[in-house]
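Undergrad: Below you will find the structure I want to go over with you.
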Amino acid sequence: MSTSTFTVVGMTCDHCVGSVKEGVAKIDGVNAIDVDLASGLVTVEADTDIPDDAFAAAVNEAGYEVTQ
C-alpha cells in the first residue's frame with residue numbers, strides 16, 4: 001500500500017472536490033481518496049506508487065491543476 005499527497009489548485013466547492021475524486025478514482029490501483037478543500041491537499045492510497053504524471057493527467061482532465 002502506498003500513500004501520496006498532492007496539492008491541487010482551482011477547487012472552490014464540494015462539486016470541485018467530487019470532480020477531482022472522480023478523476024483520480026479512474027487511476028488503476030487507487031483504493032481511497034481524501035480531498036481537503038481548504039488546503040487543496042489530495043491524499044491518495046493505492047496498491048502501488050502513483051506516478052506524478054498519471055495523477056496530474058487525471059486532475060487536469062477534471063479541470064484543475066496540480067502544483068509542486
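Every chain in the C-alpha cells takes a letter, A first, then B, and so on in the order presented; its residues are numbered from 1, and the ligands are numbered from 1 following the presented order.
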Give me, as a list in words, all polymer residues having an atom no more than 10 Å from Thr12 of chain A, counting only C-alpha atoms and skipping those fewer than 2 positions away in the same chain.
TA: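 Counting only C-alpha atoms, the residues come to Val9, Gly10, Asp14, His15, Cys16, Val17, Leu37, Ala38 and Gly40 of chain A.
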Undergrad: Got a sec: who's within 10 Å of Asp47 of chain A, counting only C-alpha atoms, leaving out chain neighbours fewer than 2 positions off, as an MDAnalysis selection string?
TA: chainID A and resid 1:3 28:31 45 49:50
Undergrad: Got time to write the residues from that selection, N, CA, C and O atoms, as a PDB file, in the first residue's frame?
TA:
ATOM      1  N   MET A   1       0.856  -1.177   0.000  1.00  0.00           N
ATOM      2  CA  MET A   1       0.000   0.000   0.000  1.00  0.00           C
ATOM      3  C   MET A   1       0.896   1.231   0.000  1.00  0.00           C
ATOM      4  O   MET A   1       1.879   1.301   0.704  1.00  0.00           O
ATOM      5  N   SER A   2       0.513   2.208  -0.801  1.00  0.00           N
ATOM      6  CA  SER A   2       1.278   3.439  -0.937  1.00  0.00           C
ATOM      7  C   SER A   2       0.359   4.634  -0.703  1.00  0.00           C
ATOM      8  O   SER A   2      -0.787   4.633  -1.137  1.00  0.00           O
ATOM      9  N   THR A   3       0.864   5.648  -0.028  1.00  0.00           N
ATOM     10  CA  THR A   3       0.111   6.879   0.188  1.00  0.00           C
ATOM     11  C   THR A   3       0.887   8.038  -0.424  1.00  0.00           C
ATOM     12  O   THR A   3       2.075   8.187  -0.168  1.00  0.00           O
ATOM     13  N   ASP A  28      -5.701   3.242 -12.083  1.00  0.00           N
ATOM     14  CA  ASP A  28      -5.629   1.851 -11.632  1.00  0.00           C
ATOM     15  C   ASP A  28      -4.941   1.742 -10.278  1.00  0.00           C
ATOM     16  O   ASP A  28      -3.902   2.359 -10.050  1.00  0.00           O
ATOM     17  N   GLY A  29      -5.531   0.974  -9.394  1.00  0.00           N
ATOM     18  CA  GLY A  29      -4.929   0.681  -8.102  1.00  0.00           C
ATOM     19  C   GLY A  29      -5.324   1.619  -6.984  1.00  0.00           C
ATOM     20  O   GLY A  29      -4.961   1.386  -5.832  1.00  0.00           O
ATOM     21  N   VAL A  30      -6.057   2.690  -7.272  1.00  0.00           N
ATOM     22  CA  VAL A  30      -6.458   3.644  -6.231  1.00  0.00           C
ATOM     23  C   VAL A  30      -7.512   2.997  -5.340  1.00  0.00           C
ATOM     24  O   VAL A  30      -8.499   2.460  -5.824  1.00  0.00           O
ATOM     25  N   ASN A  31      -7.277   3.072  -4.018  1.00  0.00           N
ATOM     26  CA  ASN A  31      -8.200   2.484  -3.048  1.00  0.00           C
ATOM     27  C   ASN A  31      -8.992   3.525  -2.273  1.00  0.00           C
ATOM     28  O   ASN A  31     -10.135   3.279  -1.896  1.00  0.00           O
ATOM     29  N   GLU A  45      -4.495   6.784  -1.455  1.00  0.00           N
ATOM     30  CA  GLU A  45      -3.966   5.479  -1.076  1.00  0.00           C
ATOM     31  C   GLU A  45      -4.163   4.547  -2.264  1.00  0.00           C
ATOM     32  O   GLU A  45      -5.246   4.497  -2.845  1.00  0.00           O
ATOM     33  N   ASP A  49       2.806   2.885  -5.973  1.00  0.00           N
ATOM     34  CA  ASP A  49       3.043   4.316  -6.130  1.00  0.00           C
ATOM     35  C   ASP A  49       2.320   4.829  -7.367  1.00  0.00           C
ATOM     36  O   ASP A  49       2.322   4.181  -8.416  1.00  0.00           O
ATOM     37  N   ILE A  50       1.715   5.997  -7.246  1.00  0.00           N
ATOM     38  CA  ILE A  50       1.042   6.619  -8.377  1.00  0.00           C
ATOM     39  C   ILE A  50       2.030   7.591  -9.022  1.00  0.00           C
ATOM     40  O   ILE A  50       2.529   8.494  -8.353  1.00  0.00           O
TER      41      ILE A  50
END
Undergrad: Kindly give the distance, in Å, that separates atom CA of Ser4 of chain A and atom CA of Gly63 of chain A, rounded to a single decimal.
TA: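 Answer for the atom CA of Ser4 of chain A to atom CA of Gly63 of chain A separation: 20.3 Å.
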Undergrad: Could you please write out, as a PyMOL selection string, every residue of chain A that DSSP assigns to helix (DSSP H, G or I)?
TA: chain A and resi 14-25+52-62
Undergrad: Restricting the calculation to only C-alpha atoms, which member of A:Ala25, A:Val8, A:Val66, A:Ala58 is positioned closest to Leu41 of chain A?
TA: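 Residue with the minimum atom-to-atom distance to Leu41 of chain A: A:Val8.
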Undergrad: Please identify which residues in chain A DSSP calls strand (DSSP E) from the backbone, and express them as a PyMOL selection string.
TA: chain A and resi 2-9+30-36+41-46+65-67
Undergrad: For each of A:Gly18, A:Thr48, A:Ala54, A:Thr67, take the minimum atom-to-atom distance to Val35 of chain A, counting only C-alpha atoms, then give the residue where this is smallest.
TA: A:Gly18
Undergrad: For Ala56 of chain A, which residue out of A:Met11, A:Asp36, A:Gly23, A:Thr43 is the nearest one, using only C-alpha atoms?
TA: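 Checking each of A:Met11, A:Asp36, A:Gly23, A:Thr43 against Ala56 of chain A, counting only C-alpha atoms, the winner is A:Gly23.
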Undergrad: Between A:Ile27, A:Cys13, A:Lys21, A:Thr5, which one has atoms that come closest to Ala57 of chain A, using only C-alpha atoms?
TA: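 Nearest to Ala57 of chain A: A:Ile27.
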